[in-house]
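Q: Take this structure, written in structure tokens, and hold onto it; I'll ask about it next.
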Amino acid sequence: MEKPLTDWSALLGGLAHELKNPLSTINLNLQLLREQQSMGDTPQAERSVKKVDLLLGEVERLQTMLTDFQRLVSNAPLDMREKNLNDIVADVLEFENEDLTRRGIGVASQFDRNLPLIPLDENLVRQALLNLIVNARDAMEDAPGTLTVSTRREGDYALVEVIDTGVGMDEETLKRAFAVYFSTKQRGTGLGLPMVRRIVERHGGIVTCDSSPGVGTRIGMGFPIKGEGECDEGS
Ligand SMILES: Nc1ncnc2c1ncn2[C@@H]1O[C@H](COP(=O)(O)OP(=O)(O)OP(=O)(O)O)[C@@H](O)[C@H]1O
Ligand SMILES: [Mg+2]
């Protein structure tokens, strides 16, 4: 009997990987084309450069989408190490601070300094946090407000909350926000929150979400302090 095709994550991850190769070639050649065209000073050459820029933008969007997709379906084992969650949050915030400030967004943080070290895959936690910060930023695009990131202990969990004073979500959006490919943004892919959920759940954690239209959104990621994530299985 033929073996059923069950390893979807490997199959889909492989497809994303294969698609990225020709995209890199397209990207590279578009850049060369852009260089050539920008040497000409005719209106025609100028129009060509604009078209090439448009194509480059779309190629980059596809590349980001495929990378996000690969991360979402990845089954690569978690790299769990005892980490200080506050340090990770502070680091990501520092990295994003300039962009947020330039957009007129106020940045605040509240850290629970008594949080113990907890087992985390730092890169994945950073990715999840970044996705939440980017969403908060987008939500405050038209009316810059305040982004607050806080940490605290809640029972057996270390909780990180990302709070914005942005547009918020109506009931329908809130219901679907974590669904794969759901997006209300013109150029959104809808992979950000599913990735947050998957990362937190792989750690054995929980995601919380509260939002009110016109008031803002609060999304929390709770990571188990004792570590009940995938890596601890069988240990
Ligand atoms: N902080 C927020 N405030 C308001 N709406 C939000 C917020 N975070 C998420 N949403 C809503 O949930 C939807 C899904 O979010 P998600 O991050 O999964 O995708 P996206 O941001 O649209 O695209 P991308 O794949 O680039 O992240 C968003 O399109 C938006 O409607
Ligand atoms: Mg997003």
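Naming scheme: A, B, ... for chains in displayed order of the structure tokens; residues 1 onward per chain; ligands 1 onward as shown.
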Go through range 25-134 of chain A and collect every residue that DSSP, computed from the backbone, puts in alpha helix (DSSP H); the answer should be as a PyMOL selection string.
A: chain A and resi 25-37+43-73+85-102+122-134
Q: Please, which residues have at least one atom within 12 Å of an atom of ligand 2, using only C-alpha atoms and all ligand atoms, listed as a PDB file with N, CA and C atoms, in the first residue's frame?
A:
```
ATOM      1  N   MET A  65       6.901  36.975   2.928  1.00  0.00           N
ATOM      2  CA  MET A  65       5.751  36.101   3.140  1.00  0.00           C
ATOM      3  C   MET A  65       6.208  34.636   3.244  1.00  0.00           C
ATOM      4  N   ASP A  68       8.002  34.016   6.541  1.00  0.00           N
ATOM      5  CA  ASP A  68       7.003  33.900   7.619  1.00  0.00           C
ATOM      6  C   ASP A  68       6.325  32.541   7.564  1.00  0.00           C
ATOM      7  N   GLN A 127      10.683  36.932  17.743  1.00  0.00           N
ATOM      8  CA  GLN A 127       9.848  37.004  16.552  1.00  0.00           C
ATOM      9  C   GLN A 127       8.386  37.298  16.927  1.00  0.00           C
ATOM     10  N   ALA A 128       7.897  36.574  17.946  1.00  0.00           N
ATOM     11  CA  ALA A 128       6.507  36.748  18.369  1.00  0.00           C
ATOM     12  C   ALA A 128       6.281  38.177  18.874  1.00  0.00           C
ATOM     13  N   LEU A 129       7.215  38.637  19.683  1.00  0.00           N
ATOM     14  CA  LEU A 129       7.095  39.981  20.254  1.00  0.00           C
ATOM     15  C   LEU A 129       7.115  41.035  19.141  1.00  0.00           C
ATOM     16  N   LEU A 130       7.995  40.825  18.200  1.00  0.00           N
ATOM     17  CA  LEU A 130       8.116  41.756  17.088  1.00  0.00           C
ATOM     18  C   LEU A 130       6.805  41.808  16.286  1.00  0.00           C
ATOM     19  N   ASN A 131       6.215  40.647  16.048  1.00  0.00           N
ATOM     20  CA  ASN A 131       4.946  40.614  15.328  1.00  0.00           C
ATOM     21  C   ASN A 131       3.888  41.440  16.060  1.00  0.00           C
ATOM     22  N   LEU A 132       3.865  41.322  17.394  1.00  0.00           N
ATOM     23  CA  LEU A 132       2.870  42.073  18.172  1.00  0.00           C
ATOM     24  C   LEU A 132       3.161  43.567  18.129  1.00  0.00           C
ATOM     25  N   ILE A 133       4.432  43.921  18.192  1.00  0.00           N
ATOM     26  CA  ILE A 133       4.794  45.345  18.160  1.00  0.00           C
ATOM     27  C   ILE A 133       4.455  45.957  16.794  1.00  0.00           C
ATOM     28  N   VAL A 134       4.711  45.194  15.728  1.00  0.00           N
ATOM     29  CA  VAL A 134       4.400  45.698  14.381  1.00  0.00           C
ATOM     30  C   VAL A 134       2.883  45.892  14.245  1.00  0.00           C
ATOM     31  N   ASN A 135       2.111  44.961  14.770  1.00  0.00           N
ATOM     32  CA  ASN A 135       0.654  45.116  14.721  1.00  0.00           C
ATOM     33  C   ASN A 135       0.206  46.352  15.493  1.00  0.00           C
ATOM     34  N   ALA A 136       0.796  46.544  16.673  1.00  0.00           N
ATOM     35  CA  ALA A 136       0.448  47.706  17.498  1.00  0.00           C
ATOM     36  C   ALA A 136       0.801  48.997  16.746  1.00  0.00           C
ATOM     37  N   ARG A 137       1.949  48.988  16.132  1.00  0.00           N
ATOM     38  CA  ARG A 137       2.402  50.146  15.345  1.00  0.00           C
ATOM     39  C   ARG A 137       1.418  50.442  14.213  1.00  0.00           C
ATOM     40  N   ASP A 138       1.032  49.379  13.483  1.00  0.00           N
ATOM     41  CA  ASP A 138       0.089  49.558  12.375  1.00  0.00           C
ATOM     42  C   ASP A 138      -1.242  50.116  12.882  1.00  0.00           C
ATOM     43  N   ALA A 139      -1.665  49.635  14.062  1.00  0.00           N
ATOM     44  CA  ALA A 139      -2.964  50.054  14.606  1.00  0.00           C
ATOM     45  C   ALA A 139      -2.960  51.529  14.990  1.00  0.00           C
ATOM     46  N   ALA A 177      -8.959  37.130  14.190  1.00  0.00           N
ATOM     47  CA  ALA A 177      -7.603  37.706  14.157  1.00  0.00           C
ATOM     48  C   ALA A 177      -6.486  36.656  14.109  1.00  0.00           C
ATOM     49  N   PHE A 178      -6.704  35.504  14.771  1.00  0.00           N
ATOM     50  CA  PHE A 178      -5.637  34.501  14.829  1.00  0.00           C
ATOM     51  C   PHE A 178      -5.752  33.448  13.725  1.00  0.00           C
ATOM     52  N   ALA A 179      -6.703  33.632  12.818  1.00  0.00           N
ATOM     53  CA  ALA A 179      -6.854  32.660  11.728  1.00  0.00           C
ATOM     54  C   ALA A 179      -5.775  32.904  10.673  1.00  0.00           C
ATOM     55  N   VAL A 180      -5.262  31.818  10.131  1.00  0.00           N
ATOM     56  CA  VAL A 180      -4.215  31.929   9.114  1.00  0.00           C
ATOM     57  C   VAL A 180      -4.770  32.688   7.903  1.00  0.00           C
ATOM     58  N   TYR A 181      -4.003  33.634   7.426  1.00  0.00           N
ATOM     59  CA  TYR A 181      -4.324  34.465   6.251  1.00  0.00           C
ATOM     60  C   TYR A 181      -5.450  35.454   6.476  1.00  0.00           C
ATOM     61  N   PHE A 182      -5.898  35.628   7.722  1.00  0.00           N
ATOM     62  CA  PHE A 182      -6.892  36.681   7.939  1.00  0.00           C
ATOM     63  C   PHE A 182      -6.164  38.003   8.139  1.00  0.00           C
ATOM     64  N   SER A 183      -6.517  38.981   7.329  1.00  0.00           N
ATOM     65  CA  SER A 183      -5.910  40.303   7.463  1.00  0.00           C
ATOM     66  C   SER A 183      -6.901  41.363   7.023  1.00  0.00           C
ATOM     67  N   THR A 184      -6.910  42.497   7.742  1.00  0.00           N
ATOM     68  CA  THR A 184      -7.753  43.613   7.306  1.00  0.00           C
ATOM     69  C   THR A 184      -6.890  44.686   6.644  1.00  0.00           C
ATOM     70  N   LYS A 185      -5.588  44.367   6.517  1.00  0.00           N
ATOM     71  CA  LYS A 185      -4.677  45.371   5.959  1.00  0.00           C
ATOM     72  C   LYS A 185      -4.513  45.163   4.461  1.00  0.00           C
ATOM     73  N   GLN A 186      -4.340  46.274   3.767  1.00  0.00           N
ATOM     74  CA  GLN A 186      -4.219  46.188   2.321  1.00  0.00           C
ATOM     75  C   GLN A 186      -3.054  45.303   1.901  1.00  0.00           C
ATOM     76  N   ARG A 187      -1.959  45.399   2.649  1.00  0.00           N
ATOM     77  CA  ARG A 187      -0.791  44.608   2.288  1.00  0.00           C
ATOM     78  C   ARG A 187      -0.405  43.622   3.392  1.00  0.00           C
ATOM     79  N   GLY A 188      -1.395  43.204   4.142  1.00  0.00           N
ATOM     80  CA  GLY A 188      -1.123  42.241   5.213  1.00  0.00           C
ATOM     81  C   GLY A 188      -1.225  40.818   4.692  1.00  0.00           C
ATOM     82  N   THR A 189      -0.473  39.914   5.311  1.00  0.00           N
ATOM     83  CA  THR A 189      -0.529  38.519   4.892  1.00  0.00           C
ATOM     84  C   THR A 189      -1.444  37.713   5.816  1.00  0.00           C
ATOM     85  N   GLY A 190      -1.515  38.130   7.065  1.00  0.00           N
ATOM     86  CA  GLY A 190      -2.338  37.382   8.008  1.00  0.00           C
ATOM     87  C   GLY A 190      -1.613  36.198   8.599  1.00  0.00           C
ATOM     88  N   LEU A 191      -0.272  36.308   8.689  1.00  0.00           N
ATOM     89  CA  LEU A 191       0.501  35.215   9.298  1.00  0.00           C
ATOM     90  C   LEU A 191       1.084  35.620  10.653  1.00  0.00           C
ATOM     91  N   GLY A 192       0.998  36.926  10.975  1.00  0.00           N
ATOM     92  CA  GLY A 192       1.638  37.432  12.195  1.00  0.00           C
ATOM     93  C   GLY A 192       1.082  36.797  13.468  1.00  0.00           C
ATOM     94  N   LEU A 193      -0.220  36.913  13.689  1.00  0.00           N
ATOM     95  CA  LEU A 193      -0.803  36.385  14.924  1.00  0.00           C
ATOM     96  C   LEU A 193      -0.821  34.848  14.967  1.00  0.00           C
ATOM     97  N   PRO A 194      -1.109  34.149  13.833  1.00  0.00           N
ATOM     98  CA  PRO A 194      -0.993  32.688  13.899  1.00  0.00           C
ATOM     99  C   PRO A 194       0.410  32.254  14.333  1.00  0.00           C
ATOM    100  N   MET A 195       1.418  33.008  13.881  1.00  0.00           N
ATOM    101  CA  MET A 195       2.786  32.663  14.254  1.00  0.00           C
ATOM    102  C   MET A 195       3.000  32.903  15.756  1.00  0.00           C
ATOM    103  N   VAL A 196       2.441  34.004  16.268  1.00  0.00           N
ATOM    104  CA  VAL A 196       2.546  34.289  17.707  1.00  0.00           C
ATOM    105  C   VAL A 196       1.932  33.126  18.490  1.00  0.00           C
TER     106      VAL A 196
END
```
Q: Write out as a PDB file with all heavy atoms, in the first residue's frame which residues come within 9 Å of Leu55 in chain A when counting only C-alpha atoms, dropping same-chain ones fewer than 4 positions away.
A:
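The new file around34.pdb reads:
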```
ATOM      1  N   ASN A  27      15.075  38.826  -7.970  1.00  0.00           N
ATOM      2  CA  ASN A  27      15.468  40.009  -7.213  1.00  0.00           C
ATOM      3  C   ASN A  27      16.807  40.570  -7.708  1.00  0.00           C
ATOM      4  O   ASN A  27      16.936  41.757  -8.004  1.00  0.00           O
ATOM      5  CB  ASN A  27      15.558  39.628  -5.728  1.00  0.00           C
ATOM      6  CG  ASN A  27      15.612  40.835  -4.822  1.00  0.00           C
ATOM      7  OD1 ASN A  27      16.072  41.901  -5.234  1.00  0.00           O
ATOM      8  ND2 ASN A  27      15.149  40.690  -3.602  1.00  0.00           N
ATOM      9  N   LEU A  30      16.539  42.018 -11.207  1.00  0.00           N
ATOM     10  CA  LEU A  30      15.810  43.289 -11.209  1.00  0.00           C
ATOM     11  C   LEU A  30      16.715  44.417 -10.721  1.00  0.00           C
ATOM     12  O   LEU A  30      16.674  45.534 -11.244  1.00  0.00           O
ATOM     13  CB  LEU A  30      14.574  43.188 -10.309  1.00  0.00           C
ATOM     14  CG  LEU A  30      13.356  42.478 -10.912  1.00  0.00           C
ATOM     15  CD1 LEU A  30      12.267  42.293  -9.863  1.00  0.00           C
ATOM     16  CD2 LEU A  30      12.802  43.262 -12.104  1.00  0.00           C
ATOM     17  N   LYS A  50      10.902  53.193 -12.290  1.00  0.00           N
ATOM     18  CA  LYS A  50       9.741  53.145 -11.376  1.00  0.00           C
ATOM     19  C   LYS A  50       9.071  51.784 -11.419  1.00  0.00           C
ATOM     20  O   LYS A  50       8.674  51.233 -10.400  1.00  0.00           O
ATOM     21  CB  LYS A  50       8.738  54.241 -11.759  1.00  0.00           C
ATOM     22  CG  LYS A  50       9.080  55.561 -11.132  1.00  0.00           C
ATOM     23  CD  LYS A  50       7.917  56.516 -11.178  1.00  0.00           C
ATOM     24  CE  LYS A  50       8.350  57.872 -10.659  1.00  0.00           C
ATOM     25  NZ  LYS A  50       7.877  58.963 -11.506  1.00  0.00           N
ATOM     26  N   LYS A  51       8.955  51.245 -12.642  1.00  0.00           N
ATOM     27  CA  LYS A  51       8.312  49.925 -12.772  1.00  0.00           C
ATOM     28  C   LYS A  51       9.144  48.847 -12.090  1.00  0.00           C
ATOM     29  O   LYS A  51       8.612  47.962 -11.424  1.00  0.00           O
ATOM     30  CB  LYS A  51       8.120  49.578 -14.253  1.00  0.00           C
ATOM     31  CG  LYS A  51       6.883  50.231 -14.830  1.00  0.00           C
ATOM     32  CD  LYS A  51       6.663  49.808 -16.252  1.00  0.00           C
ATOM     33  CE  LYS A  51       5.588  50.674 -16.865  1.00  0.00           C
ATOM     34  NZ  LYS A  51       5.785  50.893 -18.291  1.00  0.00           N
ATOM     35  N   VAL A  59       8.517  41.559  -5.092  1.00  0.00           N
ATOM     36  CA  VAL A  59       9.382  40.386  -4.869  1.00  0.00           C
ATOM     37  C   VAL A  59       9.779  40.315  -3.386  1.00  0.00           C
ATOM     38  O   VAL A  59       9.725  39.256  -2.758  1.00  0.00           O
ATOM     39  CB  VAL A  59      10.635  40.443  -5.774  1.00  0.00           C
ATOM     40  CG1 VAL A  59      11.669  39.411  -5.343  1.00  0.00           C
ATOM     41  CG2 VAL A  59      10.253  40.208  -7.227  1.00  0.00           C
ATOM     42  N   GLU A  60      10.116  41.483  -2.825  1.00  0.00           N
ATOM     43  CA  GLU A  60      10.504  41.488  -1.405  1.00  0.00           C
ATOM     44  C   GLU A  60       9.343  41.059  -0.518  1.00  0.00           C
ATOM     45  O   GLU A  60       9.507  40.352   0.470  1.00  0.00           O
ATOM     46  CB  GLU A  60      11.024  42.869  -0.999  1.00  0.00           C
ATOM     47  CG  GLU A  60      12.523  42.962  -1.248  1.00  0.00           C
ATOM     48  CD  GLU A  60      13.043  44.378  -1.335  1.00  0.00           C
ATOM     49  OE1 GLU A  60      12.477  45.256  -0.646  1.00  0.00           O
ATOM     50  OE2 GLU A  60      14.005  44.604  -2.096  1.00  0.00           O
TER      51      GLU A  60
END
```
Q: With distances taken over only C-alpha atoms, which residue among A:Glu35, A:Leu11, A:Gly222, A:Thr101 lies nearest Gly145 in chain A?
A: A:Thr101
Q: Just the number, please: distance in Å from CA of Ile26 in chain A to CA of Val49 in chain A, one decimal.
A: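 CA of Ile26 in chain A sits 15.3 Å away from CA of Val49 in chain A.
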Q: Between A:Val92, A:Met221, A:Cys209, A:Ile105, which is the closest to ligand 1 once you count only C-alpha atoms and all ligand atoms?
A: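 Answer, going by the shortest atom-to-atom distance: A:Cys209.
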Q: Find, counting only C-alpha atoms and all ligand atoms, the residue in A:Leu117, A:Leu15, A:Leu32, A:Leu62 that gets nearest to ligand 1.
A: A:Leu62
Q: For the atom pair atom 4 (C, counted along the ligand's line) of ligand 1 and CA of Phe111 in chain A, what is the interatomic distance in Å to one decimal place?
A: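 Going from atom 4 (C, counted along the ligand's line) of ligand 1 over to CA of Phe111 in chain A, I get 23.5 Å.
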Q: Would you work out the distance separating CA of Val160 in chain A from CA of Ile118 in chain A, expressed in Å to one decimal?
A: 12.8 Å
Q: Please extract the residues of range 4-234 of chain A with a backbone DSSP assignment of strand (DSSP E) and present them as a ChimeraX atom specification.
A: /A:81-83,106-110,118-120,146-154,157-164,206-212,216-224
Q: Would you kindly return, as a list in words, each protein, DNA or RNA residue with an atom no farther than 12 Å from any atom of Asn97 in chain A, considering only C-alpha atoms and excluding same-chain residues fewer than 2 positions away?
A: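 So the residues in contact are Val89, Ala90, Asp91, Val92, Leu93, Glu94, Phe95, Asp99, Leu100, Thr101, Arg102, Arg103, Gly104, Ile105, Gly106, Val107, Ala108, Ser109, Leu130, Ile133, Val134, Arg137, Thr146, Leu147, Thr148 and Val149 of chain A.
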Q: Smallest atom-to-atom distance to Leu12 in chain A: which of A:Gln36, A:Ser24, A:Thr64, A:Asn75, using only C-alpha atoms?
A: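 Using only C-alpha atoms, the shortest distance to Leu12 in chain A belongs to A:Asn75.
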Q: Under the rule that only C-alpha atoms are counted, which of A:Leu85, A:Leu124, A:Ala45, A:Leu159 is the nearest residue to Arg71 in chain A?
A: A:Leu124
Q: For Ser211 in chain A, work out the shell of residues within 8 Å, counting only C-alpha atoms and skipping chain neighbours fewer than 5 positions away, then give it as an MDAnalysis selection string.
A: chainID A and resid 168:170 174 216:218
Q: Hey, can you spit out that residue selection with all heavy atoms as a CSV table (one decimal), in the first residue's frame?
A:
```csv
chain,number,residue,atom,x,y,z
A,168,GLY,N,-8.0,49.4,17.5
A,168,GLY,CA,-8.8,48.3,18.1
A,168,GLY,C,-9.4,47.4,17.1
A,168,GLY,O,-9.4,47.6,15.9
A,169,MET,N,-10.1,46.3,17.6
A,169,MET,CA,-10.8,45.4,16.7
A,169,MET,C,-12.2,45.3,17.0
A,169,MET,O,-12.6,45.2,18.2
A,169,MET,CB,-10.1,44.0,16.9
A,169,MET,CG,-8.7,43.9,16.5
A,169,MET,SD,-8.1,42.2,16.6
A,169,MET,CE,-6.8,42.4,17.8
A,170,ASP,N,-13.1,45.2,16.0
A,170,ASP,CA,-14.5,44.9,16.2
A,170,ASP,C,-14.7,43.4,16.5
A,170,ASP,O,-13.7,42.7,16.4
A,170,ASP,CB,-15.4,45.4,15.1
A,170,ASP,CG,-15.0,44.8,13.8
A,170,ASP,OD1,-14.5,43.6,13.8
A,170,ASP,OD2,-15.2,45.4,12.7
A,174,LEU,N,-11.9,40.5,15.9
A,174,LEU,CA,-11.3,39.8,17.1
A,174,LEU,C,-11.5,38.3,17.0
A,174,LEU,O,-10.6,37.5,17.3
A,174,LEU,CB,-12.1,40.4,18.3
A,174,LEU,CG,-11.4,40.1,19.7
A,174,LEU,CD1,-10.0,40.5,19.8
A,174,LEU,CD2,-12.2,40.8,20.8
A,216,GLY,N,-8.2,50.5,21.8
A,216,GLY,CA,-6.9,49.8,21.7
A,216,GLY,C,-7.0,48.3,21.9
A,216,GLY,O,-8.0,47.7,22.0
A,217,THR,N,-5.8,47.8,21.9
A,217,THR,CA,-5.7,46.3,22.0
A,217,THR,C,-4.6,45.9,23.0
A,217,THR,O,-3.6,46.6,23.2
A,217,THR,CB,-5.3,45.8,20.6
A,217,THR,OG1,-6.3,46.2,19.7
A,217,THR,CG2,-5.1,44.3,20.6
A,218,ARG,N,-4.9,44.8,23.7
A,218,ARG,CA,-3.9,44.2,24.6
A,218,ARG,C,-3.7,42.8,24.3
A,218,ARG,O,-4.7,42.0,24.4
A,218,ARG,CB,-4.5,44.4,26.0
A,218,ARG,CG,-3.8,43.7,27.2
A,218,ARG,CD,-4.7,43.8,28.4
A,218,ARG,NE,-4.7,45.2,28.9
A,218,ARG,CZ,-4.0,45.6,30.0
A,218,ARG,NH1,-3.3,44.8,30.6
A,218,ARG,NH2,-4.2,46.9,30.4
```
Q: Would you please work out which residue, of A:Pro224, A:His203, A:Leu115, A:Thr67, is nearest to ligand 1 when using only C-alpha atoms and all ligand atoms?
A: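 Counting only C-alpha atoms and all ligand atoms, the residue closest to ligand 1 is A:Thr67.
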